[in-house]
Amino acid sequence: MFCRQQVAGLQAARPRIYGMGAEVVIVGPAQPEHIADFREVTGYDGPLFVDPSLRAFSEAGLAHGLGKTLHPLTFVKGFSALAGGFRQGLTRGDPVQLGGTFVLGAGPVVRFAWRDRFAGDLPEMRDVLAALESPDV
Amino acid sequence: MPRMDNDLATRLAPLAVLNGRGEAVPLGPFWAQQPAVLGFVRHFG
C-alpha cells in the first residue's frame, strides 16, 4: 500500500522532474518476475528494478527489521493511504525492508536523502522537487 | 544530511540492480550526466 503511494507520488511528479532534466528510478526488494505485475497495478512506466540481494538498500543505509517497520504512526499513515484510495496487495519482496528517497547527481552529488523511519514514512514531494531545483552542491 | 551521505552517490553508482528479465543494470549511469530521483520502495504489494 505504501509502496503504491510512493510510486504514485513519483509518477505524478515525473512531468515536473523530467522538465528539470532529471530521471526517476525506482528499486524494490523483490524479484525480477514481480516487476510486470507491479507496473500493472501502479501504472508506473519508468525505470523500475529490483534488488533481491538488498545490497543497494543496505548501502543506502535503509533500515531493515520488524521493529523498525511498525510504528504507531504507521497505522495513522495507513488510514491516510487507504483514504487516498491505495490498497494493500499481495506482498512481494522483503516485508520488513524500509525504503527511502534520494536525489543524486549529476555526478557524485547528493542533493536530498530521506530514509523511511517506519512503514509509511514518506518524504514530502515538494522537498524532493526543491532539491532538484536547487543549484548543484 | 548525515555525513555518511557525502559519498552516497559514489558508493551506489557501481551497484547493479535487476530488470524484469533478470539482467543486471548498474545504477550509476542514471545520475552520471543528469540528476535522478532514486526511490527505494518497501516491497511490491
# chains A, B, ... in the order shown; residues from 1 in each chain; ligands from 1
$ residues_around --residues "A:Gly28" --least-positions-apart "6" --cutoff "8 Å" --atoms "only C-alpha atoms" --output "PyMOL selection string"
(chain A and resi 48-52+93) or (chain B and resi 40-44)
$ write_last_selection --atoms "C-alpha atoms" --output "compact mmCIF listing (two decimals), in the first residue's frame"
# COMPACT_ATOMS: atom_id res chain seq x y z
CA LEU A 48 11.83 0.03 -12.38
CA PHE A 49 14.23 -2.51 -10.94
CA VAL A 50 14.62 -4.96 -8.10
CA ASP A 51 17.42 -5.60 -5.65
CA PRO A 52 16.74 -9.05 -4.16
CA GLY A 93 9.62 -8.83 -1.59
CA PHE B 40 13.58 2.64 -2.83
CA VAL B 41 10.17 1.14 -2.13
CA ARG B 42 9.42 -1.17 0.78
CA HIS B 43 8.14 -4.06 -1.29
CA PHE B 44 5.82 -4.68 -4.18
$ closest_atom_pairs --of "chain A" --to "chain B" --cutoff "8 Å" --atoms "only C-alpha atoms" --output "CSV"
residue,atom,partner,partner_atom,distance
A:Met1,CA,B:Gly45,CA,6.2
A:Phe2,CA,B:Arg42,CA,7.6
A:Cys3,CA,B:Val41,CA,5.3
A:Arg4,CA,B:Gly45,CA,7.3
A:Gln6,CA,B:Val41,CA,7.2
A:Val7,CA,B:Val41,CA,7.8
A:Gly21,CA,B:Gln34,CA,6.7
A:Ala22,CA,B:Pro35,CA,4.8
A:Glu23,CA,B:Ala36,CA,4.5
A:Val24,CA,B:Val37,CA,4.8
A:Val25,CA,B:Leu38,CA,4.9
A:Ile26,CA,B:Gly39,CA,4.7
A:Val27,CA,B:Phe40,CA,4.9
A:Gly28,CA,B:Val41,CA,5.1
A:Pro29,CA,B:His43,CA,5.6
A:Ala30,CA,B:His43,CA,6.3
A:Pro32,CA,B:Gly20,CA,4.5
A:Glu33,CA,B:Gly20,CA,6.0
A:His34,CA,B:Phe44,CA,7.4
A:Ile35,CA,B:Gly20,CA,5.7
A:Ala36,CA,B:Gly20,CA,7.0
A:Phe38,CA,B:Phe44,CA,6.3
A:Leu48,CA,B:Asn19,CA,7.0
A:Phe49,CA,B:Asn19,CA,4.9
A:Val50,CA,B:Leu18,CA,5.2
A:Asp51,CA,B:Val17,CA,5.2
A:Arg55,CA,B:Leu15,CA,7.8
A:Ala56,CA,B:Leu15,CA,6.6
A:Phe57,CA,B:Phe40,CA,7.3
A:Glu59,CA,B:Leu12,CA,6.8
A:Ala60,CA,B:Leu8,CA,6.9
A:Gln88,CA,B:Gly45,CA,5.9
A:Gly89,CA,B:Gly45,CA,4.4
A:Leu90,CA,B:Gly45,CA,5.0
A:Thr91,CA,B:Gly45,CA,4.3
A:Arg92,CA,B:Phe44,CA,4.9
A:Gly93,CA,B:His43,CA,5.0
A:Asp94,CA,B:His43,CA,6.1
A:Pro95,CA,B:His43,CA,6.2
A:Val96,CA,B:Arg42,CA,7.6
A:Gln97,CA,B:Arg42,CA,5.5
A:Leu98,CA,B:Arg42,CA,4.9
A:Gly99,CA,B:Val41,CA,4.7
A:Gly100,CA,B:Phe40,CA,5.0
A:Thr101,CA,B:Gly39,CA,4.5
A:Phe102,CA,B:Leu38,CA,5.1
A:Val103,CA,B:Val37,CA,4.5
A:Leu104,CA,B:Ala36,CA,5.4
A:Gly105,CA,B:Pro35,CA,4.2
A:Ala106,CA,B:Gln34,CA,4.4
A:Gly107,CA,B:Ala32,CA,4.5
A:Pro108,CA,B:Ala9,CA,5.1
A:Val109,CA,B:Ala9,CA,6.2
A:Val110,CA,B:Ala9,CA,6.2
A:Phe112,CA,B:Met1,CA,7.6
A:Ala113,CA,B:Met1,CA,6.8
A:Ala119,CA,B:Arg42,CA,7.7
A:Val128,CA,B:Val37,CA,7.9
A:Leu132,CA,B:Pro35,CA,7.4
$ closest_residue --among "A:Arg39, A:Glu124, A:Tyr44, A:Gly65" --to "A:Ala12" --atoms "only C-alpha atoms"
A:Tyr44
$ select_by_dssp --residues "stretch 1-43 of chain B" --states "helix (DSSP H, G or I)" --output "list of chain:residue names"
B:Arg3, B:Met4, B:Asp5, B:Leu8, B:Ala9, B:Thr10, B:Arg11, B:Leu12, B:Pro29, B:Phe30, B:Trp31, B:Ala32
$ write_last_selection --atoms "C-alpha atoms" --output "mmCIF file, in the first residue's frame"
data_model
loop_
_atom_site.group_PDB
_atom_site.id
_atom_site.type_symbol
_atom_site.label_atom_id
_atom_site.label_comp_id
_atom_site.auth_asym_id
_atom_site.auth_seq_id
_atom_site.Cartn_x
_atom_site.Cartn_y
_atom_site.Cartn_z
ATOM 1 C CA ARG B 3 27.940 12.976 6.860
ATOM 2 C CA MET B 4 27.672 9.424 5.525
ATOM 3 C CA ASP B 5 25.640 10.828 2.633
ATOM 4 C CA LEU B 8 26.454 8.084 -1.212
ATOM 5 C CA ALA B 9 26.126 8.707 -4.963
ATOM 6 C CA THR B 10 29.627 7.341 -5.464
ATOM 7 C CA ARG B 11 29.007 4.281 -3.304
ATOM 8 C CA LEU B 12 25.710 3.426 -5.002
ATOM 9 C CA PRO B 29 24.588 5.952 -15.251
ATOM 10 C CA PHE B 30 21.164 7.195 -14.176
ATOM 11 C CA TRP B 31 22.729 10.167 -12.390
ATOM 12 C CA ALA B 32 26.077 10.407 -14.150
#
$ atom_distance --atom1 "atom CA of A:Ser134" --atom2 "atom CA of A:Arg111"
8.1 Å
$ decode --residues "stretch 34-55 of chain A" --atoms "C-alpha atoms" --output "tab-separated table (two decimals), in the first residue's frame"
chain	number	residue	atom	x	y	z
A	34	HIS	CA	7.41	-9.26	-9.81
A	35	ILE	CA	8.13	-6.17	-11.89
A	36	ALA	CA	5.46	-6.65	-14.56
A	37	ASP	CA	2.62	-7.02	-12.06
A	38	PHE	CA	3.80	-4.02	-10.07
A	39	ARG	CA	3.84	-1.92	-13.21
A	40	GLU	CA	0.31	-3.01	-13.93
A	41	VAL	CA	-1.09	-2.13	-10.51
A	42	THR	CA	0.75	1.18	-10.25
A	43	GLY	CA	0.70	2.32	-13.87
A	44	TYR	CA	4.34	3.34	-13.49
A	45	ASP	CA	6.15	3.00	-16.81
A	46	GLY	CA	9.55	4.48	-15.92
A	47	PRO	CA	12.76	2.72	-14.90
A	48	LEU	CA	11.83	0.03	-12.38
A	49	PHE	CA	14.23	-2.51	-10.94
A	50	VAL	CA	14.62	-4.96	-8.10
A	51	ASP	CA	17.42	-5.60	-5.65
A	52	PRO	CA	16.74	-9.05	-4.16
A	53	SER	CA	20.17	-9.07	-2.54
A	54	LEU	CA	19.24	-5.83	-0.69
A	55	ARG	CA	22.80	-4.66	-1.30
